[in-house]
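Printed here is input_12.txt (compact mmCIF, C-alpha atoms):
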# COMPACT_ATOMS: atom_id res chain seq x y z
CA MET F 1 72.85 90.41 71.99
CA ALA F 2 72.64 93.64 70.00
CA LYS F 3 73.00 93.57 66.23
CA PRO F 4 76.70 93.57 65.32
CA SER F 5 78.03 96.90 64.15
CA ILE F 6 79.11 96.98 60.51
CA LEU F 7 82.45 98.71 59.99
CA LYS F 8 83.87 99.41 56.57
CA THR F 9 87.59 98.75 56.14
CA GLU F 10 90.22 99.74 53.61
CA ASN F 11 93.58 98.20 52.82
CA ARG F 12 96.57 99.75 54.57
CA PRO F 13 99.55 100.25 52.28
CA GLY F 14 102.47 98.83 54.21
CA THR F 15 103.24 98.51 57.91
CA GLY F 16 105.37 100.27 60.49
CA SER F 17 105.04 103.32 62.70
CA ARG F 18 105.44 105.82 59.87
CA VAL F 19 102.55 104.33 57.89
CA ALA F 20 100.44 104.14 61.06
CA ARG F 21 101.05 107.83 61.80
CA ARG F 22 100.02 108.80 58.28
CA SER F 23 96.84 106.74 58.63
CA ARG F 24 95.93 108.43 61.91
CA ALA F 25 96.68 111.85 60.44
CA ALA F 26 94.16 111.06 57.69
CA GLY F 27 91.45 110.24 60.28
CA ASN F 28 91.81 106.46 60.17
CA VAL F 29 92.84 103.86 62.75
CA PRO F 30 95.22 101.05 61.73
CA VAL F 31 93.81 97.58 62.53
CA ASN F 32 94.91 93.97 62.11
CA VAL F 33 92.57 91.06 61.35
CA TYR F 34 93.74 87.48 61.85
CA GLY F 35 92.57 83.97 62.78
CA HIS F 36 90.68 81.01 61.27
CA GLY F 37 93.75 79.87 59.40
CA GLU F 38 93.76 82.87 57.07
CA ALA F 39 96.57 85.35 56.48
CA ASN F 40 96.79 88.47 58.59
CA GLN F 41 95.31 91.58 57.00
CA ASN F 42 96.52 95.13 57.61
CA LEU F 43 93.56 97.48 57.31
CA VAL F 44 92.29 100.89 58.41
CA ILE F 45 88.86 101.94 59.75
CA ASP F 46 87.41 105.43 60.01
CA GLU F 47 88.30 106.72 63.49
CA HIS F 48 84.91 108.29 64.26
CA ALA F 49 82.90 105.18 63.26
CA LEU F 50 85.25 102.88 65.16
CA SER F 51 85.19 105.06 68.29
CA LEU F 52 81.38 105.04 68.38
CA ALA F 53 81.32 101.25 68.00
CA LEU F 54 83.90 100.62 70.75
CA HIS F 55 82.02 102.80 73.22
CA THR F 56 79.12 100.35 73.23
CA ASN F 57 78.92 96.93 74.90
CA THR F 58 79.06 95.19 71.53
CA GLN F 59 81.96 92.77 71.20
CA VAL F 60 81.35 91.12 67.84
CA PHE F 61 81.58 93.41 64.82
CA THR F 62 80.98 92.76 61.14
CA LEU F 63 83.91 94.06 59.13
CA THR F 64 83.45 94.68 55.42
CA ILE F 65 86.72 93.47 53.90
CA GLU F 66 87.09 93.78 50.12
CA GLY F 67 83.33 93.65 49.71
CA LYS F 68 82.81 90.61 51.97
CA GLU F 69 81.39 90.64 55.50
CA GLN F 70 83.42 88.92 58.20
CA PRO F 71 82.29 88.55 61.86
CA CYS F 72 85.18 89.61 64.10
CA LEU F 73 85.75 89.78 67.82
CA VAL F 74 87.73 92.62 69.38
CA LYS F 75 90.90 91.13 70.84
CA HIS F 76 92.87 94.18 71.93
CA VAL F 77 92.49 97.96 71.81
CA GLN F 78 95.47 100.29 72.20
CA TRP F 79 94.58 103.77 73.47
CA ASP F 80 96.72 106.87 73.81
CA THR F 81 98.15 107.95 77.17
CA PHE F 82 94.93 109.77 78.16
CA GLY F 83 92.58 106.98 77.01
CA VAL F 84 90.90 109.25 74.48
CA SER F 85 92.27 108.44 71.03
CA ILE F 86 92.43 104.92 69.56
CA LEU F 87 95.90 104.03 68.31
CA HIS F 88 95.42 100.44 67.10
CA VAL F 89 92.91 97.55 67.25
CA ASP F 90 93.36 93.80 66.84
CA PHE F 91 90.38 91.80 65.53
CA VAL F 92 90.11 87.99 65.37
CA ARG F 93 87.87 86.28 62.85
CA VAL F 94 85.09 84.16 64.37
CA SER F 95 82.17 82.02 63.35
CA LEU F 96 78.89 83.02 64.98
CA THR F 97 78.31 79.41 66.01
CA GLU F 98 81.67 78.77 67.67
CA GLU F 99 82.20 79.15 71.42
CA VAL F 100 84.38 82.06 72.43
CA GLU F 101 85.81 83.47 75.66
CA VAL F 102 84.73 87.04 76.37
CA GLU F 103 84.62 89.45 79.31
CA VAL F 104 81.12 90.82 79.81
CA THR F 105 80.23 93.94 81.82
CA LEU F 106 78.14 93.40 84.99
CA ASN F 107 75.14 95.62 85.66
CA PHE F 108 74.35 95.75 89.41
CA THR F 109 70.67 96.31 90.18
CA GLY F 110 68.60 96.77 93.36
CA HIS F 111 69.38 98.37 96.72
CA ALA F 112 71.32 96.11 99.09
CA LYS F 113 69.87 95.63 102.60
CA GLY F 114 73.28 96.21 104.14
CA LEU F 115 73.34 99.80 102.86
CA ALA F 116 70.49 100.65 105.26
CA GLU F 117 72.73 99.44 108.11
CA GLY F 118 75.48 101.88 107.15
CA GLY F 119 77.40 99.49 104.92
CA ILE F 120 79.26 100.36 101.72
CA MET F 121 78.93 98.56 98.40
CA ALA F 122 82.26 97.06 97.35
CA VAL F 123 82.55 95.97 93.71
CA HIS F 124 85.54 93.65 93.30
CA HIS F 125 84.98 92.72 89.63
CA PRO F 126 82.93 95.00 87.33
CA ALA F 127 83.04 92.39 84.54
CA LEU F 128 82.99 88.60 84.28
CA TRP F 129 84.75 86.16 81.95
CA VAL F 130 82.29 83.77 80.33
CA ARG F 131 82.12 81.26 77.48
CA CYS F 132 79.32 81.19 74.93
CA PRO F 133 78.65 81.08 71.16
CA ALA F 134 79.75 84.26 69.40
CA ALA F 135 76.16 84.92 68.36
CA SER F 136 74.99 84.72 72.02
CA ILE F 137 77.40 87.14 73.70
CA PRO F 138 75.28 89.32 76.01
CA ASP F 139 75.82 93.07 76.03
CA SER F 140 75.84 92.94 79.86
CA ILE F 141 74.79 90.65 82.72
CA ASP F 142 72.37 91.90 85.39
CA VAL F 143 73.28 91.12 89.02
CA ASP F 144 70.60 91.70 91.68
CA VAL F 145 72.18 92.81 94.98
CA THR F 146 68.93 93.45 96.91
CA GLU F 147 69.41 90.60 99.42
CA LEU F 148 73.01 91.46 100.28
CA GLU F 149 73.38 92.18 104.00
CA MET F 150 76.28 93.68 105.91
CA GLY F 151 79.34 91.45 105.63
CA HIS F 152 77.87 89.31 102.84
CA ALA F 153 79.07 88.98 99.24
CA LEU F 154 78.14 87.39 95.93
CA ARG F 155 80.74 85.06 94.41
CA ALA F 156 81.29 84.29 90.75
CA GLN F 157 79.40 80.99 91.10
CA ASP F 158 76.40 82.89 92.54
CA ILE F 159 75.89 85.05 89.44
CA LYS F 160 72.86 83.99 87.42
CA LEU F 161 73.97 83.78 83.77
CA PRO F 162 71.77 84.01 80.65
CA ALA F 163 70.88 80.87 78.74
CA GLY F 164 73.78 79.49 76.72
CA VAL F 165 76.35 81.42 78.79
CA LYS F 166 78.63 79.74 81.34
CA LEU F 167 81.40 80.86 83.65
CA ASP F 168 84.92 80.65 82.20
CA THR F 169 86.60 78.77 85.04
CA HIS F 170 89.97 78.99 83.28
CA LYS F 171 90.07 82.71 83.97
CA VAL F 172 87.78 83.09 86.99
CA ASN F 173 87.77 81.14 90.25
CA PRO F 174 84.12 80.28 91.08
CA THR F 175 84.70 81.34 94.71
CA ASP F 176 86.04 84.80 93.78
CA GLN F 177 83.99 87.59 95.37
CA ILE F 178 82.30 89.79 92.78
CA VAL F 179 80.38 92.30 94.92
CA GLY F 180 79.68 92.68 98.65
CA VAL F 181 78.59 95.04 101.42
CA VAL F 182 81.31 95.97 103.90
CA ALA F 183 81.38 98.06 107.08
CA PRO F 184 82.79 101.57 106.66
CA ARG F 185 86.44 101.86 107.55
CA ILE F 186 87.25 104.00 110.62
CA GLU F 187 90.53 105.79 110.26
CA VAL F 188 92.59 106.04 113.45
CA VAL F 189 94.82 109.12 113.56
CA GLU F 190 98.04 108.41 115.43
CA PRO F 191 99.50 111.31 117.50
CA THR F 192 102.76 112.82 116.30
CA PRO F 193 105.97 112.34 118.36
CA GLU F 194 105.78 116.00 119.37
CA GLU F 195 102.23 115.58 120.70
CA VAL F 196 103.23 112.44 122.63
CA ALA F 197 106.22 114.23 124.20
CA ALA F 198 104.07 117.23 125.20
CA ALA F 199 101.44 114.99 126.80
CA GLU F 200 104.09 113.06 128.77
CA ALA F 201 105.69 116.30 129.98
CA ALA F 202 102.33 117.64 131.16
CA ALA F 203 101.55 114.40 133.01
CA ALA F 204 104.98 114.40 134.70
CA ALA F 205 104.58 118.02 135.84
CA ALA F 206 101.16 117.29 137.32
CA ALA F 207 102.51 114.30 139.26
CA ALA F 208 105.64 116.09 140.60
CA PRO F 209 105.95 116.31 144.53
CA GLY F 210 104.90 119.68 145.98
CA ALA F 211 102.79 120.61 143.00
CA GLU F 212 99.62 120.56 145.10
CA GLY F 213 101.24 122.48 148.00
CA GLU F 214 102.43 125.25 145.71
CA ALA F 215 99.00 125.47 144.19
CA ALA F 216 97.42 125.76 147.71
CA ALA F 217 99.93 128.41 148.82
CA GLY F 218 98.96 130.57 145.92
CA ALA F 219 95.27 130.45 146.82
CA ALA F 220 93.62 133.69 148.04
CA PRO F 221 92.78 133.90 151.80
CA GLY F 222 89.16 133.53 152.91
CA ALA F 223 86.96 136.60 153.23
CA GLU F 224 86.54 136.19 157.01
CA GLY F 225 89.62 136.27 159.22
CA LYS F 226 90.19 133.99 162.19
CA PRO F 227 91.54 134.89 165.64
CA GLY F 228 95.32 134.81 165.52
CA ALA F 229 95.44 135.20 161.75
CA ALA F 230 97.73 137.73 160.14
CA PRO F 231 96.38 141.30 160.27
CA ALA F 232 94.33 142.46 157.36
CA ALA F 233 95.89 144.86 154.89
CA GLY F 234 96.33 148.25 156.58
CA GLY F 235 95.72 146.84 160.05
CA LYS F 236 98.01 147.35 163.10
CA PRO F 237 99.71 144.64 165.06
CA GLY F 238 98.04 144.02 168.37
CA ALA F 239 94.63 144.98 167.18
CA PRO F 240 91.94 142.73 168.64
CA ALA F 241 90.72 139.93 166.51
CA ALA F 242 87.46 140.36 164.73
CA GLY F 243 84.66 140.13 167.27
CA GLY F 244 87.06 140.51 170.27
CA LYS F 245 86.70 143.15 173.06
CA PRO F 246 89.42 145.44 174.32
CA GLY F 247 90.75 144.52 177.71
CA ALA F 248 89.63 140.97 177.61
CA PRO F 249 91.71 138.79 179.96
CA ALA F 250 94.36 136.61 178.47
CA ALA F 251 93.62 132.97 178.22
CA GLY F 252 93.53 131.44 181.72
CA GLY F 253 93.67 134.85 183.51
CA LYS F 254 91.29 136.13 186.18
CA PRO F 255 89.18 139.20 185.92
CA GLY F 256 90.86 142.17 187.62
CA ALA F 257 94.32 140.64 187.57
CA PRO F 258 97.07 143.15 186.89
CA ALA F 259 98.69 143.13 183.55
CA ALA F 260 102.10 141.53 183.31
CA GLY F 261 104.68 143.69 185.16
CA GLY F 262 102.02 145.97 186.69
CA LYS F 263 101.43 146.79 190.37
CA PRO F 264 98.40 145.99 192.41
CA ALA F 265 95.98 148.84 192.41
CA GLY F 266 96.32 150.93 195.64
CA GLY F 267 94.04 153.39 197.39
CA ALA F 268 93.63 156.96 196.43
CA PRO F 269 96.74 159.18 196.76
CA GLY F 270 97.42 160.12 200.32
CA GLY F 271 94.93 157.67 201.67
CA LYS F 272 95.63 155.24 204.55
CA GLY F 273 95.03 151.63 204.73
CA LYS F 274 92.78 150.02 207.22
CA GLY F 275 94.35 149.19 210.60
Kindly return the structure encoded in the file as structure tokens.
Amino acid sequence: MAKPSILKTENRPGTGSRVARRSRAAGNVPVNVYGHGEANQNLVIDEHALSLALHTNTQVFTLTIEGKEQPCLVKHVQWDTFGVSILHVDFVRVSLTEEVEVEVTLNFTGHAKGLAEGGIMAVHHPALWVRCPAASIPDSIDVDVTELEMGHALRAQDIKLPAGVKLDTHKVNPTDQIVGVVAPRIEVVEPTPEEVAAAEAAAAAAAAPGAEGEAAAGAAPGAEGKPGAAPAAGGKPGAPAAGGKPGAPAAGGKPGAPAAGGKPAGGAPGGKGKG
């Protein structure tokens, strides 16, 4: 435990919001001190000195009240909306030998094994409620996380506490998880209704009857024609197929047979047939 900070106090003339505002305007913070069967005292403390003291891990302060030193424990601090300026502090008188309940900051040390596996450190409680004599309040408690693997966690009962310090089971469940290593969360992006509708429309169009036939009809003809195919662009009907010869007999015909509707070839004009 660090040496308690000594804070000088002055009496506050009166109570109420108006008096408190005047105190703050003068650079002081209104405070109340109570406990141990003594009357409540309305005091003020220099704002700068009090701010420096509260930004440490010290929890027990020595207040100089009317020339006498009184050990006091911070009970409540009221900050402004932005958490910058101190508006009011409640102190409770304590004896350095009495057992008190305090919340002590946890200091996590080491590099967890689960981080090498892609895990993420999850701190569930950055501080821990403990019970100990006022003179033995630790500034912080070290917690070694080196052996933490993916999916494992340290519970309140697993935290090794300094000598004379014990877990406050009235405020903390021993099985509460304090820190662990968890797998990274994978965010699933759901498609919008418009995207779902567009995908369904595209699938329905692809599965419609005749879709493949229309696609085939629109295909370009092959480079080489086939006998009986439509004439090439600029060609004339009746032209022989590619590779054919003029005058070739029709299918099933005999060489030398007259064309359809023709006459058998006769002799030369004026000639006579054989007798």
Distance criterion (only C-alpha atoms): nearest to Asp90 (chain F) out of F:Ile65, F:Val102, F:Val33, F:Cys132: F:Val33
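Distance check against Ile120 (chain F) using all atoms listed in the file: of F:Val84, F:Glu66, F:Ala183, F:Asn173, the minimum falls on F:Ala183.
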Which of these, F:Ala206, F:Val196, F:Met150, F:Leu52, has the shortest distance to Gly114 (chain F) once you count only C-alpha atoms?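 Of all the options, F:Met150 lies closest to Gly114 (chain F).
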Nearest to Val44 (chain F), chosen from F:Phe108, F:Asn57, F:Val74, F:Pro13, with all atoms listed in the file counted in the distances: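 Smallest distance to Val44 (chain F) is found for F:Pro13.
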Within 9 Å of Asn32 (chain F), counting all atoms listed in the file, which residues show up once you throw out same-chain ones fewer than 5 positions away? Write them as a list in words, please.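 Selected residues are Asn40, Gln41, Asn42, Leu43, Val44, His88, Val89, Asp90, Phe91 and Val92 of chain F.
Between Val165 (chain F) and the residues F:Gly119, F:Gly110, F:Pro126, F:Pro133, the shortest atom-to-atom distance, using only C-alpha atoms, involves F:Pro133.
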Go through F:His36, F:Lys75, F:His55, F:Lys171 and flag the residue nearest Leu128 (chain F), using all atoms listed in the file for the distances.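 Result for the nearest residue to Leu128 (chain F): F:Lys171.
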May I ask for the distance between CA of Thr146 (chain F) and CA of Lys160 (chain F), given in Å to one decimal place?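 We find that CA of Thr146 (chain F) and CA of Lys160 (chain F) lie 14.0 Å from each other.
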Which distance in Å separates CA of Ala20 (chain F) and CA of His76 (chain F), to one decimal?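 Computed distance, CA of Ala20 (chain F) to CA of His76 (chain F), equals 16.6 Å.
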Might you pull out every residue within 7 Å of Val104 (chain F), with only C-alpha atoms counted and same-chain residues fewer than 4 positions away left off, and present them as a list in words?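 Here the qualifying residues turn out to be Ala127, Leu128, Trp129, Asp139, Ser140 and Ile141 of chain F.
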So that I can see what lies close to Ala134 (chain F), please list as number ranges by chain the residues with an atom at most 12 Å from it, counting all atoms listed in the file and leaving out residues fewer than 3 positions away in the same chain. F: 1-4, 58-62, 71-74, 92-102, 130-131, 137-139, 164-165
Interatomic distance, CA of Gly180 (chain F) to CA of Leu167 (chain F) (Å, one decimal):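 Going from CA of Gly180 (chain F) over to CA of Leu167 (chain F) covers 19.2 Å.
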Test item: residues at most 7 Å from Val143 (chain F), all atoms listed in the file, excluding those fewer than 2 positions along its chain, as an MDAnalysis selection string: chainID F and resid 106:109 141 145 159
So which residues are close to (74.1, 83.0, 94.8), meaning at most 12 Å away in the file's coordinates with all atoms listed in the file counted, and can you show them as a VMD selection string? chain F and resid 143 to 148 152 to 161 174 to 175 177 to 180
With C-alpha atoms kept, could you save the residues just selected as a CSV table (one decimal), in the frame of the given file?
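Contents of the output file part.csv:
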chain,number,residue,atom,x,y,z
F,143,VAL,CA,73.3,91.1,89.0
F,144,ASP,CA,70.6,91.7,91.7
F,145,VAL,CA,72.2,92.8,95.0
F,146,THR,CA,68.9,93.4,96.9
F,147,GLU,CA,69.4,90.6,99.4
F,148,LEU,CA,73.0,91.5,100.3
F,152,HIS,CA,77.9,89.3,102.8
F,153,ALA,CA,79.1,89.0,99.2
F,154,LEU,CA,78.1,87.4,95.9
F,155,ARG,CA,80.7,85.1,94.4
F,156,ALA,CA,81.3,84.3,90.8
F,157,GLN,CA,79.4,81.0,91.1
F,158,ASP,CA,76.4,82.9,92.5
F,159,ILE,CA,75.9,85.0,89.4
F,160,LYS,CA,72.9,84.0,87.4
F,161,LEU,CA,74.0,83.8,83.8
F,174,PRO,CA,84.1,80.3,91.1
F,175,THR,CA,84.7,81.3,94.7
F,177,GLN,CA,84.0,87.6,95.4
F,178,ILE,CA,82.3,89.8,92.8
F,179,VAL,CA,80.4,92.3,94.9
F,180,GLY,CA,79.7,92.7,98.6
